[in-house]
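Coordinates from target_2.cif are shown below (mmCIF, C-alpha atoms).
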data_structure
#
loop_
_atom_site.group_PDB
_atom_site.id
_atom_site.type_symbol
_atom_site.label_atom_id
_atom_site.label_comp_id
_atom_site.auth_asym_id
_atom_site.auth_seq_id
_atom_site.Cartn_x
_atom_site.Cartn_y
_atom_site.Cartn_z
ATOM 1 C CA MET A 1 -34.182 -25.101 -46.039
ATOM 2 C CA GLY A 2 -37.457 -25.715 -47.880
ATOM 3 C CA LEU A 3 -35.756 -25.140 -51.241
ATOM 4 C CA ILE A 4 -33.069 -27.684 -50.417
ATOM 5 C CA LEU A 5 -35.653 -30.278 -49.420
ATOM 6 C CA THR A 6 -37.639 -29.531 -52.559
ATOM 7 C CA PHE A 7 -34.661 -30.200 -54.792
ATOM 8 C CA LEU A 8 -33.745 -33.367 -52.976
ATOM 9 C CA LEU A 9 -37.099 -34.586 -54.266
ATOM 10 C CA ILE A 10 -36.784 -32.989 -57.712
ATOM 11 C CA SER A 11 -36.571 -36.182 -59.724
ATOM 12 C CA SER A 12 -39.605 -37.798 -58.014
ATOM 13 C CA SER A 13 -39.975 -39.505 -54.682
ATOM 14 C CA ALA A 14 -36.804 -40.855 -53.108
ATOM 15 C CA GLN A 15 -38.445 -44.213 -52.375
ATOM 16 C CA GLY A 16 -39.226 -44.822 -56.043
ATOM 17 C CA GLN A 17 -35.781 -44.058 -57.415
ATOM 18 C CA SER A 18 -33.563 -46.809 -58.656
ATOM 19 C CA VAL A 19 -29.849 -46.764 -58.002
ATOM 20 C CA ARG A 20 -29.307 -45.890 -61.672
ATOM 21 C CA THR A 21 -31.678 -42.927 -61.472
ATOM 22 C CA ALA A 22 -30.004 -41.659 -58.313
ATOM 23 C CA ALA A 23 -26.552 -42.105 -59.883
ATOM 24 C CA LEU A 24 -27.625 -40.155 -62.973
ATOM 25 C CA PHE A 25 -29.015 -37.378 -60.789
ATOM 26 C CA VAL A 26 -25.723 -37.139 -58.866
ATOM 27 C CA ALA A 27 -23.790 -37.273 -62.166
ATOM 28 C CA GLY A 28 -25.898 -34.350 -63.375
ATOM 29 C CA GLY A 29 -24.898 -32.402 -60.281
ATOM 30 C CA ALA A 30 -21.244 -33.214 -60.939
ATOM 31 C CA LEU A 31 -21.662 -32.107 -64.540
ATOM 32 C CA GLY A 32 -23.197 -28.849 -63.308
ATOM 33 C CA LEU A 33 -20.138 -28.298 -61.105
ATOM 34 C CA ALA A 34 -17.828 -29.026 -64.045
ATOM 35 C CA VAL A 35 -19.675 -26.492 -66.216
ATOM 36 C CA HIS A 36 -19.431 -23.865 -63.447
ATOM 37 C CA GLU A 37 -15.690 -24.389 -63.009
ATOM 38 C CA ALA A 38 -15.120 -24.551 -66.784
ATOM 39 C CA GLY A 39 -16.635 -21.066 -66.985
ATOM 40 C CA HIS A 40 -13.942 -19.716 -64.670
ATOM 41 C CA ALA A 41 -11.172 -21.524 -66.535
ATOM 42 C CA ALA A 42 -12.433 -20.336 -69.929
ATOM 43 C CA ALA A 43 -12.539 -16.723 -68.723
ATOM 44 C CA ASP A 44 -8.994 -17.062 -67.372
ATOM 45 C CA VAL A 45 -7.754 -18.404 -70.702
ATOM 46 C CA ALA A 46 -9.681 -15.752 -72.668
ATOM 47 C CA PHE A 47 -7.846 -13.050 -70.713
ATOM 48 C CA GLY A 48 -4.471 -14.768 -71.082
ATOM 49 C CA VAL A 49 -4.309 -15.600 -67.376
ATOM 50 C CA SER A 50 -3.063 -18.993 -66.270
ATOM 51 C CA PRO A 51 -5.643 -20.649 -64.022
ATOM 52 C CA GLY A 52 -4.461 -22.517 -60.953
ATOM 53 C CA LEU A 53 -6.033 -24.676 -58.259
ATOM 54 C CA ARG A 54 -5.938 -23.977 -54.553
ATOM 55 C CA LYS A 55 -7.315 -26.132 -51.766
ATOM 56 C CA VAL A 56 -9.691 -24.118 -49.599
ATOM 57 C CA SER A 57 -12.225 -24.999 -46.946
ATOM 58 C CA PHE A 58 -15.436 -23.630 -45.572
ATOM 59 C CA GLY A 59 -15.584 -24.820 -41.994
ATOM 60 C CA PRO A 60 -15.209 -28.593 -42.112
ATOM 61 C CA LEU A 61 -15.919 -28.783 -45.862
ATOM 62 C CA PRO A 62 -12.793 -29.045 -48.025
ATOM 63 C CA PHE A 63 -12.997 -28.076 -51.679
ATOM 64 C CA PHE A 64 -10.946 -26.240 -54.270
ATOM 65 C CA ALA A 65 -10.920 -22.879 -55.965
ATOM 66 C CA ILE A 66 -9.682 -21.954 -59.398
ATOM 67 C CA THR A 67 -7.269 -19.080 -58.850
ATOM 68 C CA HIS A 68 -5.380 -16.620 -61.021
ATOM 69 C CA ASP A 69 -2.972 -13.711 -60.763
ATOM 70 C CA ALA A 70 -4.242 -10.190 -60.137
ATOM 71 C CA VAL A 71 -6.171 -8.650 -63.053
ATOM 72 C CA SER A 72 -8.155 -5.464 -63.668
ATOM 73 C CA PRO A 73 -11.512 -5.099 -61.862
ATOM 74 C CA ALA A 74 -13.504 -5.733 -65.055
ATOM 75 C CA ARG A 75 -11.553 -8.905 -65.762
ATOM 76 C CA GLU A 76 -11.806 -10.023 -62.133
ATOM 77 C CA PHE A 77 -15.560 -9.557 -62.204
ATOM 78 C CA THR A 78 -15.843 -11.517 -65.435
ATOM 79 C CA ILE A 79 -13.661 -14.370 -64.188
ATOM 80 C CA SER A 80 -15.396 -14.517 -60.797
ATOM 81 C CA SER A 81 -18.881 -14.435 -62.319
ATOM 82 C CA ALA A 82 -18.219 -16.750 -65.281
ATOM 83 C CA GLY A 83 -19.273 -19.837 -63.314
ATOM 84 C CA PHE A 84 -22.640 -18.264 -62.524
ATOM 85 C CA TRP A 85 -23.054 -17.151 -66.117
ATOM 86 C CA MET A 86 -22.521 -20.744 -67.213
ATOM 87 C CA GLN A 87 -25.042 -21.934 -64.627
ATOM 88 C CA HIS A 88 -27.581 -19.353 -65.768
ATOM 89 C CA ALA A 89 -27.020 -20.206 -69.427
ATOM 90 C CA SER A 90 -27.388 -23.941 -68.871
ATOM 91 C CA SER A 91 -30.492 -23.474 -66.698
ATOM 92 C CA GLU A 92 -31.997 -21.221 -69.350
ATOM 93 C CA LEU A 93 -31.227 -23.743 -72.073
ATOM 94 C CA ILE A 94 -32.760 -26.558 -70.039
ATOM 95 C CA LEU A 95 -35.901 -24.681 -69.018
ATOM 96 C CA SER A 96 -36.433 -23.167 -72.487
ATOM 97 C CA ARG A 97 -36.065 -26.425 -74.370
ATOM 98 C CA ARG A 98 -37.765 -28.596 -71.756
ATOM 99 C CA PRO A 99 -40.225 -26.368 -69.890
ATOM 100 C CA ARG A 100 -42.092 -29.426 -68.564
ATOM 101 C CA LEU A 101 -38.941 -31.065 -67.224
ATOM 102 C CA ARG A 102 -40.667 -31.800 -63.937
ATOM 103 C CA GLU A 103 -42.943 -34.269 -65.732
ATOM 104 C CA GLU A 104 -40.058 -36.054 -67.480
ATOM 105 C CA ARG A 105 -37.839 -38.909 -66.352
ATOM 106 C CA ALA A 106 -34.594 -37.057 -66.909
ATOM 107 C CA PRO A 107 -32.444 -37.461 -63.788
ATOM 108 C CA LEU A 108 -29.215 -36.261 -65.423
ATOM 109 C CA VAL A 109 -30.759 -33.002 -66.621
ATOM 110 C CA LYS A 110 -32.603 -32.569 -63.332
ATOM 111 C CA GLY A 111 -29.291 -33.052 -61.516
ATOM 112 C CA ILE A 112 -27.707 -30.250 -63.544
ATOM 113 C CA LEU A 113 -30.612 -27.932 -62.802
ATOM 114 C CA ALA A 114 -30.591 -28.887 -59.114
ATOM 115 C CA PHE A 115 -26.860 -28.147 -58.884
ATOM 116 C CA ASN A 116 -27.314 -24.780 -60.595
ATOM 117 C CA ILE A 117 -30.051 -23.741 -58.218
ATOM 118 C CA LEU A 118 -28.573 -25.150 -55.012
ATOM 119 C CA ALA A 119 -25.083 -23.810 -55.730
ATOM 120 C CA SER A 120 -26.537 -20.360 -56.297
ATOM 121 C CA VAL A 121 -28.478 -20.599 -53.032
ATOM 122 C CA ALA A 122 -25.321 -21.652 -51.162
ATOM 123 C CA TYR A 123 -23.205 -18.887 -52.712
ATOM 124 C CA ALA A 124 -25.927 -16.325 -52.003
ATOM 125 C CA GLY A 125 -26.050 -17.450 -48.366
ATOM 126 C CA ALA A 126 -22.288 -17.008 -48.059
ATOM 127 C CA ALA A 127 -22.563 -13.586 -49.719
ATOM 128 C CA PHE A 128 -25.363 -12.454 -47.386
ATOM 129 C CA ALA A 129 -23.289 -13.551 -44.384
ATOM 130 C CA THR A 130 -20.035 -12.316 -46.007
ATOM 131 C CA THR A 131 -18.384 -15.519 -44.903
ATOM 132 C CA GLY A 132 -16.331 -18.248 -46.481
ATOM 133 C CA PRO A 133 -12.907 -18.466 -48.080
ATOM 134 C CA ASP A 134 -11.435 -15.293 -49.563
ATOM 135 C CA GLU A 135 -11.468 -16.983 -52.983
ATOM 136 C CA ARG A 136 -15.283 -17.206 -53.073
ATOM 137 C CA ASP A 137 -16.788 -15.987 -56.323
ATOM 138 C CA THR A 138 -19.225 -13.535 -54.751
ATOM 139 C CA ARG A 139 -16.420 -11.768 -52.872
ATOM 140 C CA GLY A 140 -14.384 -11.354 -56.063
ATOM 141 C CA MET A 141 -17.449 -9.990 -57.842
ATOM 142 C CA ALA A 142 -18.279 -7.567 -55.016
ATOM 143 C CA LEU A 143 -14.758 -6.198 -54.655
ATOM 144 C CA SER A 144 -14.285 -5.701 -58.388
ATOM 145 C CA ALA A 145 -17.691 -4.041 -58.877
ATOM 146 C CA ARG A 146 -17.303 -2.018 -55.670
ATOM 147 C CA VAL A 147 -20.640 -3.127 -54.233
ATOM 148 C CA ALA A 148 -21.530 -4.804 -50.953
ATOM 149 C CA GLU A 149 -21.316 -8.575 -51.203
ATOM 150 C CA PRO A 150 -24.941 -9.107 -50.095
ATOM 151 C CA TRP A 151 -26.033 -7.254 -53.245
ATOM 152 C CA VAL A 152 -24.052 -9.730 -55.308
ATOM 153 C CA GLY A 153 -25.751 -12.500 -53.349
ATOM 154 C CA ALA A 154 -29.122 -11.100 -54.387
ATOM 155 C CA THR A 155 -28.088 -11.065 -58.063
ATOM 156 C CA ILE A 156 -27.096 -14.728 -57.765
ATOM 157 C CA LEU A 157 -30.150 -15.813 -55.763
ATOM 158 C CA ALA A 158 -32.848 -14.107 -57.854
ATOM 159 C CA PRO A 159 -32.330 -16.115 -61.079
ATOM 160 C CA ALA A 160 -32.031 -19.347 -59.083
ATOM 161 C CA ALA A 161 -35.272 -18.725 -57.213
ATOM 162 C CA LEU A 162 -37.054 -17.775 -60.425
ATOM 163 C CA ASP A 163 -35.717 -20.874 -62.223
ATOM 164 C CA ALA A 164 -36.925 -23.063 -59.334
ATOM 165 C CA ALA A 165 -40.350 -21.465 -59.712
ATOM 166 C CA ARG A 166 -40.226 -22.034 -63.488
ATOM 167 C CA TYR A 167 -39.589 -25.720 -62.882
ATOM 168 C CA TYR A 168 -42.866 -25.931 -60.967
ATOM 169 C CA GLN A 169 -44.857 -23.423 -63.043
ATOM 170 C CA PRO A 170 -43.730 -23.855 -66.663
ATOM 171 C CA ASP A 171 -46.701 -21.969 -68.109
ATOM 172 C CA ALA A 172 -46.048 -18.726 -66.189
ATOM 173 C CA ALA A 173 -44.612 -16.429 -68.870
ATOM 174 C CA TRP A 174 -43.839 -13.738 -66.321
ATOM 175 C CA LEU A 175 -41.494 -16.146 -64.493
ATOM 176 C CA ARG A 176 -39.656 -16.925 -67.711
ATOM 177 C CA TRP A 177 -39.086 -13.245 -68.474
ATOM 178 C CA ALA A 178 -38.334 -12.265 -64.870
ATOM 179 C CA SER A 179 -35.705 -15.018 -64.726
ATOM 180 C CA ARG A 180 -34.084 -13.824 -67.930
ATOM 181 C CA ALA A 181 -34.139 -10.192 -66.760
ATOM 182 C CA ALA A 182 -32.527 -11.183 -63.439
ATOM 183 C CA LYS A 183 -29.757 -13.051 -65.274
ATOM 184 C CA ILE A 184 -29.048 -10.082 -67.535
ATOM 185 C CA GLY A 185 -29.251 -7.662 -64.605
ATOM 186 C CA GLY A 186 -26.610 -9.583 -62.676
ATOM 187 C CA ALA A 187 -24.313 -9.605 -65.680
ATOM 188 C CA LEU A 188 -24.651 -5.823 -65.999
ATOM 189 C CA LEU A 189 -22.600 -5.450 -62.810
ATOM 190 C CA ALA A 190 -19.657 -6.006 -65.165
ATOM 191 C CA VAL A 191 -20.249 -2.464 -66.429
ATOM 192 C CA ARG A 192 -19.834 -1.162 -62.890
ATOM 193 C CA ALA A 193 -16.592 -3.107 -62.551
ATOM 194 C CA ALA A 194 -15.312 -1.629 -65.815
ATOM 195 C CA ILE A 195 -15.774 2.030 -64.803
#
Output the file's structure as structure tokens, nothing else.
Amino acid sequence: MGLILTFLLISSSAQGQSVRTAALFVAGGALGLAVHEAGHAAADVAFGVSPGLRKVSFGPLPFFAITHDAVSPAREFTISSAGFWMQHASSELILSRRPRLREERAPLVKGILAFNILASVAYAGAAFATTGPDERDTRGMALSARVAEPWVGATILAPAALDAARYYQPDAAWLRWASRAAKIGGALLAVRAAI
């Protein structure tokens, strides 16, 4: 809960924000979502699989999932994790090029970073609880890599938590390298899915 509250304040105090700043922050979050979903669609197309859309819900929250026909475990892992890989790549790009982002007036970029971190936290929570629609990314990753879904949740949460810490402590080199190692470590589950 503290992380969510922290990121609601990520682009400075809520009282001082103009409507334009708030709109840019929300647009950044929407752009982050688009990048995540584009990762899934690109992986589908790369494997010659036609992506589709399916309406799903998580309790009272309706949303959609990009779906595809059955594929090999390695391909399923790649398709299911591609959204996270895009999140990790965009967060890394942002935090590498703009390590002092917290000090900048950049609501669009901060919105992207906030989406990346909060989406990872939400997905990790669903993975730890093994709950949500069957189409959830962490379930597809876990089944294809033959690991328990909470482990997948940990591989999604670790880079997000480290990137949140990097936002607040840009000079901590160990955070930068730990974040990168966590991102690479999560991607290495693809090897497990392939064997």
(request) Name the residues captured by the PyMOL selection byres ((chain A and resi 21) around 9) when it is applied to the shown file; answer as a ChimeraX atom specification. (result) /A:11,17-20,22-26,105-108
Selected residues written out with C-alpha atoms, as a CSV table (one decimal), in the coordinates of the input:
chain,number,residue,atom,x,y,z
A,11,SER,CA,-36.6,-36.2,-59.7
A,17,GLN,CA,-35.8,-44.1,-57.4
A,18,SER,CA,-33.6,-46.8,-58.7
A,19,VAL,CA,-29.8,-46.8,-58.0
A,20,ARG,CA,-29.3,-45.9,-61.7
A,22,ALA,CA,-30.0,-41.7,-58.3
A,23,ALA,CA,-26.6,-42.1,-59.9
A,24,LEU,CA,-27.6,-40.2,-63.0
A,25,PHE,CA,-29.0,-37.4,-60.8
A,26,VAL,CA,-25.7,-37.1,-58.9
A,105,ARG,CA,-37.8,-38.9,-66.4
A,106,ALA,CA,-34.6,-37.1,-66.9
A,107,PRO,CA,-32.4,-37.5,-63.8
A,108,LEU,CA,-29.2,-36.3,-65.4
Pull out every residue that the PyMOL selection byres ((chain A and resi 194) around 12) matches in the shown coordinates and put them as an mmCIF file with C-alpha atoms, keeping the file's coordinate frame.
data_model
loop_
_atom_site.group_PDB
_atom_site.id
_atom_site.type_symbol
_atom_site.label_atom_id
_atom_site.label_comp_id
_atom_site.auth_asym_id
_atom_site.auth_seq_id
_atom_site.Cartn_x
_atom_site.Cartn_y
_atom_site.Cartn_z
ATOM 1 C CA VAL A 71 -6.171 -8.650 -63.053
ATOM 2 C CA SER A 72 -8.155 -5.464 -63.668
ATOM 3 C CA PRO A 73 -11.512 -5.099 -61.862
ATOM 4 C CA ALA A 74 -13.504 -5.733 -65.055
ATOM 5 C CA ARG A 75 -11.553 -8.905 -65.762
ATOM 6 C CA GLU A 76 -11.806 -10.023 -62.133
ATOM 7 C CA PHE A 77 -15.560 -9.557 -62.204
ATOM 8 C CA THR A 78 -15.843 -11.517 -65.435
ATOM 9 C CA MET A 141 -17.449 -9.990 -57.842
ATOM 10 C CA SER A 144 -14.285 -5.701 -58.388
ATOM 11 C CA ALA A 145 -17.691 -4.041 -58.877
ATOM 12 C CA ARG A 146 -17.303 -2.018 -55.670
ATOM 13 C CA LEU A 188 -24.651 -5.823 -65.999
ATOM 14 C CA LEU A 189 -22.600 -5.450 -62.810
ATOM 15 C CA ALA A 190 -19.657 -6.006 -65.165
ATOM 16 C CA VAL A 191 -20.249 -2.464 -66.429
ATOM 17 C CA ARG A 192 -19.834 -1.162 -62.890
ATOM 18 C CA ALA A 193 -16.592 -3.107 -62.551
ATOM 19 C CA ILE A 195 -15.774 2.030 -64.803
#
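Atom CA of Lys110 of chain A to atom CA of Ala41 of chain A spans 24.3 Å [interatomic distance, one decimal].
Using all atoms listed in the file, the smallest distance between any of A:Gly111, A:Trp85, A:Ala161, A:Ser57 and Thr131 of chain A comes from A:Ser57.
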Residues near Asp163 of chain A, cut-off 12 Å, all atoms listed in the file, skip fewer than 6 positions along chain, as an mmCIF file with C-alpha atoms, keeping the file's coordinate frame:
data_model
loop_
_atom_site.group_PDB
_atom_site.id
_atom_site.type_symbol
_atom_site.label_atom_id
_atom_site.label_comp_id
_atom_site.auth_asym_id
_atom_site.auth_seq_id
_atom_site.Cartn_x
_atom_site.Cartn_y
_atom_site.Cartn_z
ATOM 1 C CA LEU A 3 -35.756 -25.140 -51.241
ATOM 2 C CA PHE A 7 -34.661 -30.200 -54.792
ATOM 3 C CA GLN A 87 -25.042 -21.934 -64.627
ATOM 4 C CA HIS A 88 -27.581 -19.353 -65.768
ATOM 5 C CA ALA A 89 -27.020 -20.206 -69.427
ATOM 6 C CA SER A 90 -27.388 -23.941 -68.871
ATOM 7 C CA SER A 91 -30.492 -23.474 -66.698
ATOM 8 C CA GLU A 92 -31.997 -21.221 -69.350
ATOM 9 C CA LEU A 93 -31.227 -23.743 -72.073
ATOM 10 C CA ILE A 94 -32.760 -26.558 -70.039
ATOM 11 C CA LEU A 95 -35.901 -24.681 -69.018
ATOM 12 C CA SER A 96 -36.433 -23.167 -72.487
ATOM 13 C CA PRO A 99 -40.225 -26.368 -69.890
ATOM 14 C CA LEU A 101 -38.941 -31.065 -67.224
ATOM 15 C CA LEU A 113 -30.612 -27.932 -62.802
ATOM 16 C CA ALA A 114 -30.591 -28.887 -59.114
ATOM 17 C CA PHE A 115 -26.860 -28.147 -58.884
ATOM 18 C CA ASN A 116 -27.314 -24.780 -60.595
ATOM 19 C CA ILE A 117 -30.051 -23.741 -58.218
ATOM 20 C CA LEU A 118 -28.573 -25.150 -55.012
ATOM 21 C CA SER A 120 -26.537 -20.360 -56.297
ATOM 22 C CA VAL A 121 -28.478 -20.599 -53.032
ATOM 23 C CA ILE A 156 -27.096 -14.728 -57.765
ATOM 24 C CA LEU A 157 -30.150 -15.813 -55.763
ATOM 25 C CA GLN A 169 -44.857 -23.423 -63.043
ATOM 26 C CA PRO A 170 -43.730 -23.855 -66.663
ATOM 27 C CA ALA A 172 -46.048 -18.726 -66.189
ATOM 28 C CA ALA A 173 -44.612 -16.429 -68.870
ATOM 29 C CA TRP A 174 -43.839 -13.738 -66.321
ATOM 30 C CA LEU A 175 -41.494 -16.146 -64.493
ATOM 31 C CA ARG A 176 -39.656 -16.925 -67.711
ATOM 32 C CA TRP A 177 -39.086 -13.245 -68.474
ATOM 33 C CA ALA A 178 -38.334 -12.265 -64.870
ATOM 34 C CA SER A 179 -35.705 -15.018 -64.726
ATOM 35 C CA ARG A 180 -34.084 -13.824 -67.930
ATOM 36 C CA ALA A 181 -34.139 -10.192 -66.760
ATOM 37 C CA ALA A 182 -32.527 -11.183 -63.439
ATOM 38 C CA LYS A 183 -29.757 -13.051 -65.274
#
(message) Need to verify the contact set: Glu37 of chain A, 10 Å, only C-alpha atoms, exclusion of same-chain residues closer than 4 positions in sequence. Can you return it as a ChimeraX atom specification?
(response) /A:31-33,41-42,65-66,82-84,86-87
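The two atoms in question, atom CA of Leu61 of chain A and atom CA of Phe128 of chain A, are spaced 18.9 Å apart.
Between atom CA of Phe47 of chain A and atom CA of Gly28 of chain A the separation is 28.9 Å.
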(request) Return as a PyMOL selection string the set of residues that the PyMOL selection byres ((chain A and resi 68) around 10) yields on the displayed structure. (result) chain A and resi 40-41+44+49-54+65-67+69-71+76+79
Write out the residues from the selection above, keeping C-alpha atoms, as an mmCIF file, in the frame of the given file.
data_model
loop_
_atom_site.group_PDB
_atom_site.id
_atom_site.type_symbol
_atom_site.label_atom_id
_atom_site.label_comp_id
_atom_site.auth_asym_id
_atom_site.auth_seq_id
_atom_site.Cartn_x
_atom_site.Cartn_y
_atom_site.Cartn_z
ATOM 1 C CA HIS A 40 -13.942 -19.716 -64.670
ATOM 2 C CA ALA A 41 -11.172 -21.524 -66.535
ATOM 3 C CA ASP A 44 -8.994 -17.062 -67.372
ATOM 4 C CA VAL A 49 -4.309 -15.600 -67.376
ATOM 5 C CA SER A 50 -3.063 -18.993 -66.270
ATOM 6 C CA PRO A 51 -5.643 -20.649 -64.022
ATOM 7 C CA GLY A 52 -4.461 -22.517 -60.953
ATOM 8 C CA LEU A 53 -6.033 -24.676 -58.259
ATOM 9 C CA ARG A 54 -5.938 -23.977 -54.553
ATOM 10 C CA ALA A 65 -10.920 -22.879 -55.965
ATOM 11 C CA ILE A 66 -9.682 -21.954 -59.398
ATOM 12 C CA THR A 67 -7.269 -19.080 -58.850
ATOM 13 C CA ASP A 69 -2.972 -13.711 -60.763
ATOM 14 C CA ALA A 70 -4.242 -10.190 -60.137
ATOM 15 C CA VAL A 71 -6.171 -8.650 -63.053
ATOM 16 C CA GLU A 76 -11.806 -10.023 -62.133
ATOM 17 C CA ILE A 79 -13.661 -14.370 -64.188
#
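Each of A:Ala127, A:Val109, A:Ala119, A:Leu143 was compared to Pro159 of chain A using all atoms listed in the file, and A:Ala119 turns out to be the nearest.
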(message) From the options A:Phe63, A:Ser81, A:Gly29, A:Ala38, which residue's atoms come nearest to Gly132 of chain A, counting only C-alpha atoms?
(response) A:Phe63
(message) For a cutoff of 9 Å around the file-coordinate point (-26.1, -8.9, -55.5), which residues qualify once you count only C-alpha atoms? I'd like the result as an MDAnalysis selection string.
(response) chainID A and resid 124 127:128 138 142 147:158 186 189
Pull N, CA and C atoms for segment 84-100 of chain A from the block and write them as a JSON list (two decimals), in the first residue's frame.
[["chain", "number", "residue", "atom", "x", "y", "z"],
["A", 84, "PHE", "N", 6.18, -7.63, -19.77],
["A", 84, "PHE", "CA", 7.09, -7.27, -18.67],
["A", 84, "PHE", "C", 8.46, -6.88, -19.21],
["A", 85, "TRP", "N", 8.91, -7.59, -20.23],
["A", 85, "TRP", "CA", 10.21, -7.25, -20.82],
["A", 85, "TRP", "C", 10.19, -5.83, -21.37],
["A", 86, "MET", "N", 9.07, -5.47, -21.99],
["A", 86, "MET", "CA", 8.94, -4.10, -22.51],
["A", 86, "MET", "C", 8.91, -3.09, -21.36],
["A", 87, "GLN", "N", 8.20, -3.42, -20.29],
["A", 87, "GLN", "CA", 8.20, -2.55, -19.12],
["A", 87, "GLN", "C", 9.60, -2.39, -18.56],
["A", 88, "HIS", "N", 10.30, -3.50, -18.39],
["A", 88, "HIS", "CA", 11.66, -3.45, -17.84],
["A", 88, "HIS", "C", 12.58, -2.65, -18.74],
["A", 89, "ALA", "N", 12.46, -2.86, -20.04],
["A", 89, "ALA", "CA", 13.32, -2.13, -20.98],
["A", 89, "ALA", "C", 13.03, -0.63, -20.94],
["A", 90, "SER", "N", 11.75, -0.26, -20.91],
["A", 90, "SER", "CA", 11.44, 1.17, -20.89],
["A", 90, "SER", "C", 11.83, 1.80, -19.56],
["A", 91, "SER", "N", 11.64, 1.09, -18.45],
["A", 91, "SER", "CA", 12.09, 1.62, -17.16],
["A", 91, "SER", "C", 13.59, 1.79, -17.14],
["A", 92, "GLU", "N", 14.30, 0.82, -17.69],
["A", 92, "GLU", "CA", 15.77, 0.90, -17.72],
["A", 92, "GLU", "C", 16.22, 2.08, -18.57],
["A", 93, "LEU", "N", 15.59, 2.26, -19.71],
["A", 93, "LEU", "CA", 15.92, 3.38, -20.58],
["A", 93, "LEU", "C", 15.67, 4.71, -19.85],
["A", 94, "ILE", "N", 14.53, 4.82, -19.22],
["A", 94, "ILE", "CA", 14.19, 6.04, -18.50],
["A", 94, "ILE", "C", 15.19, 6.32, -17.38],
["A", 95, "LEU", "N", 15.42, 5.32, -16.53],
["A", 95, "LEU", "CA", 16.27, 5.54, -15.36],
["A", 95, "LEU", "C", 17.75, 5.64, -15.71],
["A", 96, "SER", "N", 18.16, 5.09, -16.84],
["A", 96, "SER", "CA", 19.56, 5.23, -17.27],
["A", 96, "SER", "C", 19.82, 6.59, -17.89],
["A", 97, "ARG", "N", 18.88, 7.03, -18.70],
["A", 97, "ARG", "CA", 19.06, 8.33, -19.37],
["A", 97, "ARG", "C", 18.70, 9.52, -18.48],
["A", 98, "ARG", "N", 17.81, 9.29, -17.53],
["A", 98, "ARG", "CA", 17.35, 10.38, -16.66],
["A", 98, "ARG", "C", 17.37, 9.91, -15.20],
["A", 99, "PRO", "N", 18.56, 9.63, -14.68],
["A", 99, "PRO", "CA", 18.63, 9.08, -13.32],
["A", 99, "PRO", "C", 18.04, 10.01, -12.26],
["A", 100, "ARG", "N", 18.01, 11.29, -12.52],
["A", 100, "ARG", "CA", 17.46, 12.26, -11.56],
["A", 100, "ARG", "C", 16.03, 12.69, -11.96]]
